[in-house]
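Shown below: model-v1.cif, with mmCIF, C-alpha atoms.
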data_work
loop_
_atom_site.group_PDB
_atom_site.id
_atom_site.type_symbol
_atom_site.label_atom_id
_atom_site.label_comp_id
_atom_site.auth_asym_id
_atom_site.auth_seq_id
_atom_site.Cartn_x
_atom_site.Cartn_y
_atom_site.Cartn_z
ATOM 1 C CA MET A 1 -49.335 -149.756 53.068
ATOM 2 C CA ASP A 2 -50.211 -153.407 53.144
ATOM 3 C CA THR A 3 -53.494 -154.041 51.368
ATOM 4 C CA ASP A 4 -54.143 -157.358 53.094
ATOM 5 C CA ARG A 5 -54.431 -156.029 56.599
ATOM 6 C CA ASN A 6 -56.869 -157.863 58.795
ATOM 7 C CA LYS A 7 -60.286 -156.344 59.331
ATOM 8 C CA ALA A 8 -60.840 -154.169 62.363
ATOM 9 C CA THR A 9 -62.843 -155.414 65.270
ATOM 10 C CA THR A 10 -66.113 -153.744 66.076
ATOM 11 C CA THR A 11 -67.624 -153.259 69.489
ATOM 12 C CA ALA A 12 -71.122 -152.027 70.138
ATOM 13 C CA GLU A 13 -71.930 -149.699 72.971
ATOM 14 C CA THR A 14 -75.562 -149.572 74.060
ATOM 15 C CA THR A 15 -76.983 -146.683 76.052
ATOM 16 C CA ALA A 16 -80.423 -146.759 77.592
ATOM 17 C CA GLU A 17 -82.194 -143.411 77.663
ATOM 18 C CA ALA A 18 -84.975 -142.761 80.131
ATOM 19 C CA THR A 19 -88.275 -141.645 78.715
ATOM 20 C CA ALA A 20 -91.747 -141.305 80.122
ATOM 21 C CA THR A 21 -92.394 -144.963 79.289
ATOM 22 C CA GLY A 22 -88.812 -146.086 79.970
ATOM 23 C CA ALA A 23 -88.723 -147.917 76.602
ATOM 24 C CA ALA A 24 -86.263 -145.920 74.454
ATOM 25 C CA VAL A 25 -82.829 -147.420 73.805
ATOM 26 C CA THR A 26 -80.169 -145.848 71.577
ATOM 27 C CA THR A 27 -77.389 -147.992 70.099
ATOM 28 C CA THR A 28 -74.147 -146.628 68.646
ATOM 29 C CA ALA A 29 -71.282 -148.640 67.170
ATOM 30 C CA ALA A 30 -67.658 -147.667 67.775
ATOM 31 C CA THR A 31 -65.072 -149.314 65.529
ATOM 32 C CA ARG A 32 -61.805 -150.067 67.263
ATOM 33 C CA TYR A 33 -58.583 -150.893 65.455
ATOM 34 C CA ALA A 34 -55.677 -152.960 66.753
ATOM 35 C CA VAL A 35 -52.267 -151.376 67.197
ATOM 36 C CA ALA A 36 -49.442 -153.493 65.721
ATOM 37 C CA PRO A 37 -48.540 -156.393 68.042
ATOM 38 C CA GLY A 38 -45.366 -155.883 70.030
ATOM 39 C CA TYR A 39 -45.359 -152.074 69.728
ATOM 40 C CA ARG A 40 -45.835 -149.426 72.407
ATOM 41 C CA VAL A 41 -46.820 -146.598 70.090
ATOM 42 C CA ASN A 42 -46.088 -142.997 71.057
ATOM 43 C CA VAL A 43 -49.140 -140.736 71.016
ATOM 44 C CA ARG A 44 -48.302 -137.196 69.907
ATOM 45 C CA SER A 45 -50.090 -133.869 70.171
ATOM 46 C CA GLY A 46 -50.049 -133.456 66.365
ATOM 47 C CA PRO A 47 -49.479 -135.406 63.123
ATOM 48 C CA SER A 48 -45.668 -135.479 63.154
ATOM 49 C CA THR A 49 -42.729 -136.695 65.250
ATOM 50 C CA GLN A 50 -41.943 -133.005 65.758
ATOM 51 C CA TYR A 51 -44.926 -132.764 68.140
ATOM 52 C CA PRO A 52 -44.450 -133.697 71.811
ATOM 53 C CA ILE A 53 -45.278 -137.184 73.059
ATOM 54 C CA VAL A 54 -48.350 -137.014 75.303
ATOM 55 C CA ARG A 55 -48.407 -140.709 76.264
ATOM 56 C CA ALA A 56 -47.567 -144.186 74.963
ATOM 57 C CA LEU A 57 -50.111 -146.878 74.153
ATOM 58 C CA PRO A 58 -49.629 -150.176 75.974
ATOM 59 C CA LEU A 59 -48.897 -153.454 74.185
ATOM 60 C CA GLY A 60 -52.063 -154.943 72.714
ATOM 61 C CA ALA A 61 -53.927 -151.622 72.590
ATOM 62 C CA THR A 62 -56.897 -150.904 70.366
ATOM 63 C CA VAL A 63 -57.953 -147.417 69.324
ATOM 64 C CA ALA A 64 -61.079 -145.694 68.050
ATOM 65 C CA ILE A 65 -60.231 -143.263 65.252
ATOM 66 C CA THR A 66 -62.139 -139.979 65.531
ATOM 67 C CA CYS A 67 -60.732 -138.466 62.334
ATOM 68 C CA GLN A 68 -57.623 -138.618 60.147
ATOM 69 C CA LYS A 69 -55.294 -136.114 58.493
ATOM 70 C CA TYR A 70 -52.112 -135.973 56.479
ATOM 71 C CA GLY A 71 -48.847 -135.297 58.284
ATOM 72 C CA GLU A 72 -45.269 -136.560 58.321
ATOM 73 C CA TRP A 73 -44.411 -139.699 56.321
ATOM 74 C CA ILE A 74 -43.849 -142.649 58.677
ATOM 75 C CA SER A 75 -42.801 -146.257 57.998
ATOM 76 C CA GLY A 76 -44.136 -148.955 60.306
ATOM 77 C CA PRO A 77 -45.322 -152.558 60.362
ATOM 78 C CA TYR A 78 -48.304 -151.722 58.109
ATOM 79 C CA GLY A 79 -46.324 -149.843 55.462
ATOM 80 C CA THR A 80 -45.341 -146.245 54.807
ATOM 81 C CA THR A 81 -47.972 -143.536 55.058
ATOM 82 C CA ARG A 82 -48.529 -139.895 55.846
ATOM 83 C CA ILE A 83 -51.985 -140.560 57.350
ATOM 84 C CA TRP A 84 -52.244 -139.837 61.063
ATOM 85 C CA ASP A 85 -55.130 -141.026 63.237
ATOM 86 C CA ASN A 86 -56.736 -138.761 65.818
ATOM 87 C CA ILE A 87 -57.644 -141.053 68.739
ATOM 88 C CA ALA A 88 -58.685 -138.392 71.274
ATOM 89 C CA PRO A 89 -58.610 -134.596 71.458
ATOM 90 C CA GLY A 90 -54.996 -133.549 70.834
ATOM 91 C CA GLU A 91 -53.790 -137.170 70.416
ATOM 92 C CA TYR A 92 -52.410 -138.579 67.139
ATOM 93 C CA ILE A 93 -50.688 -141.797 66.100
ATOM 94 C CA SER A 94 -49.301 -142.765 62.700
ATOM 95 C CA ASP A 95 -51.607 -145.012 60.693
ATOM 96 C CA ALA A 96 -48.509 -147.100 59.863
ATOM 97 C CA TYR A 97 -48.959 -148.697 63.312
ATOM 98 C CA VAL A 98 -52.733 -149.269 63.145
ATOM 99 C CA ARG A 99 -54.398 -152.249 61.423
ATOM 100 C CA THR A 100 -57.290 -150.511 59.652
ATOM 101 C CA GLY A 101 -57.536 -152.883 56.677
ATOM 102 C CA SER A 102 -57.096 -149.963 54.272
ATOM 103 C CA ASP A 103 -54.352 -147.899 52.657
ATOM 104 C CA GLY A 104 -56.611 -144.837 52.721
ATOM 105 C CA PHE A 105 -58.873 -142.955 55.070
ATOM 106 C CA VAL A 106 -61.273 -145.014 57.219
ATOM 107 C CA ALA A 107 -62.645 -142.044 59.160
ATOM 108 C CA PRO A 108 -63.599 -138.470 58.305
ATOM 109 C CA ARG A 109 -60.800 -135.990 57.714
ATOM 110 C CA CYS A 110 -59.910 -133.836 60.695
ATOM 111 C CA ALA A 111 -60.751 -130.138 60.373
#

Take the structure I supplied and represent it as structure tokens, if you would.
Amino acid sequence: MDTDRNKATTTAETTAEATATGAAVTTTAATRYAVAPGYRVNVRSGPSTQYPIVRALPLGATVAITCQKYGEWISGPYGTTRIWDNIAPGEYISDAYVRTGSDGFVAPRCA
């Protein structure tokens, strides 16, 4: 895969939690990665084109990667890889279509 991919964008999600004093606030950061411009990427139920398509991402989509695993080799705008990104329960897309800024894993491996 291309080693000079652009860096992913990061968004912060802040959640206020009620306490007796009402002062506690918990902040978590969710990294989102851009899908290759001009592509409506098929989302599959597993890490291969042999799995059914569950939906297609719209143009300009960004995704949060929950975990990653090896699957079928795929060539795309960001190179050739066998890494697949889990973006929701039962939803995978090839990392060849995601600008992660890395040729390797950027999230924990899926179980």

Box for range 106-111 of chain A: with edges along x, y and z, all listed atoms inside and 5 Å added on each side, what are the centre and edge lengths in Å to one decimal, as lines of an AutoDock Vina configuration file?
center_x = -61.8
center_y = -137.6
center_z = 59.0
size_x = 13.7
size_y = 24.9
size_z = 13.5

*asked:* Please compute the CA of Phe105 in chain A-CA of Gly38 in chain A distance, one decimal, in Å.
replied: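 Spanning CA of Phe105 in chain A to CA of Gly38 in chain A is a straight-line distance of 23.9 Å.
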
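Minimum atom-to-atom distance to Gly79 in chain A, evaluated using all atoms listed in the file, belongs to A:Ser94 out of A:Ser45, A:Ser94, A:Thr31, A:Thr62.
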
_Which residue of A:Gln50, A:Ser75, A:Thr66, A:Ser102 approaches Gly90 in chain A most closely, using all atoms listed in the file_ =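 That would be A:Thr66, the residue with the smallest distance to Gly90 in chain A.
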
Selection result for the PyMOL selection byres ((chain A and resi 65) around 7) on this file, as a short mmCIF file (atom, residue, chain, number, x, y, z; two decimals) with C-alpha atoms, keeping the file's coordinate frame:
data_model
loop_
_atom_site.label_atom_id
_atom_site.label_comp_id
_atom_site.auth_asym_id
_atom_site.auth_seq_id
_atom_site.Cartn_x
_atom_site.Cartn_y
_atom_site.Cartn_z
CA VAL A 63 -57.95 -147.42 69.32
CA ALA A 64 -61.08 -145.69 68.05
CA THR A 66 -62.14 -139.98 65.53
CA CYS A 67 -60.73 -138.47 62.33
CA ASP A 85 -55.13 -141.03 63.24
CA ASN A 86 -56.74 -138.76 65.82
CA ILE A 87 -57.64 -141.05 68.74
CA ALA A 107 -62.64 -142.04 59.16
#

*asked:* Here's the selection I'm unsure about, the PyMOL selection byres ((chain A and resi 56) around 8); applied to the file above, which residues does it give, as number ranges by chain?
replied: A: 40-43, 53-55, 57-58

*Using all atoms listed in the file, which of A:Tyr39, A:Tyr97, A:Trp84, A:Tyr51 sits nearest Gln68 in chain A?*
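Smallest distance to Gln68 in chain A is found for A:Trp84.
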
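Between CA of Ala30 in chain A and CA of Gly101 in chain A there is a distance of 15.9 Å.
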
_Selected residue of minimal separation from Gly104 in chain A among A:Pro47, A:Thr81, A:Ala61, A:Ala88, counting all atoms listed in the file_ = A:Thr81

*How many Å lie between CA of Arg99 in chain A and CA of Ala34 in chain A, rounded to one decimal?*
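That distance, rounded to one decimal, is 5.5 Å.
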
*Which neighbours of Pro77 in chain A fall inside 10 Å, counting only C-alpha atoms, when residues of the same chain fewer than 6 positions from it are skipped, and could you give them as JSON, numbers by chain?*
{"A": [1, 2, 35, 36, 37, 39, 95, 96, 97, 98, 99]}

*Go through A:Ser48, A:Leu59, A:Tyr92, A:Ile83 and flag the residue nearest Val106 in chain A, using all atoms listed in the file for the distances.*
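Using all atoms listed in the file, the shortest distance to Val106 in chain A belongs to A:Ile83.
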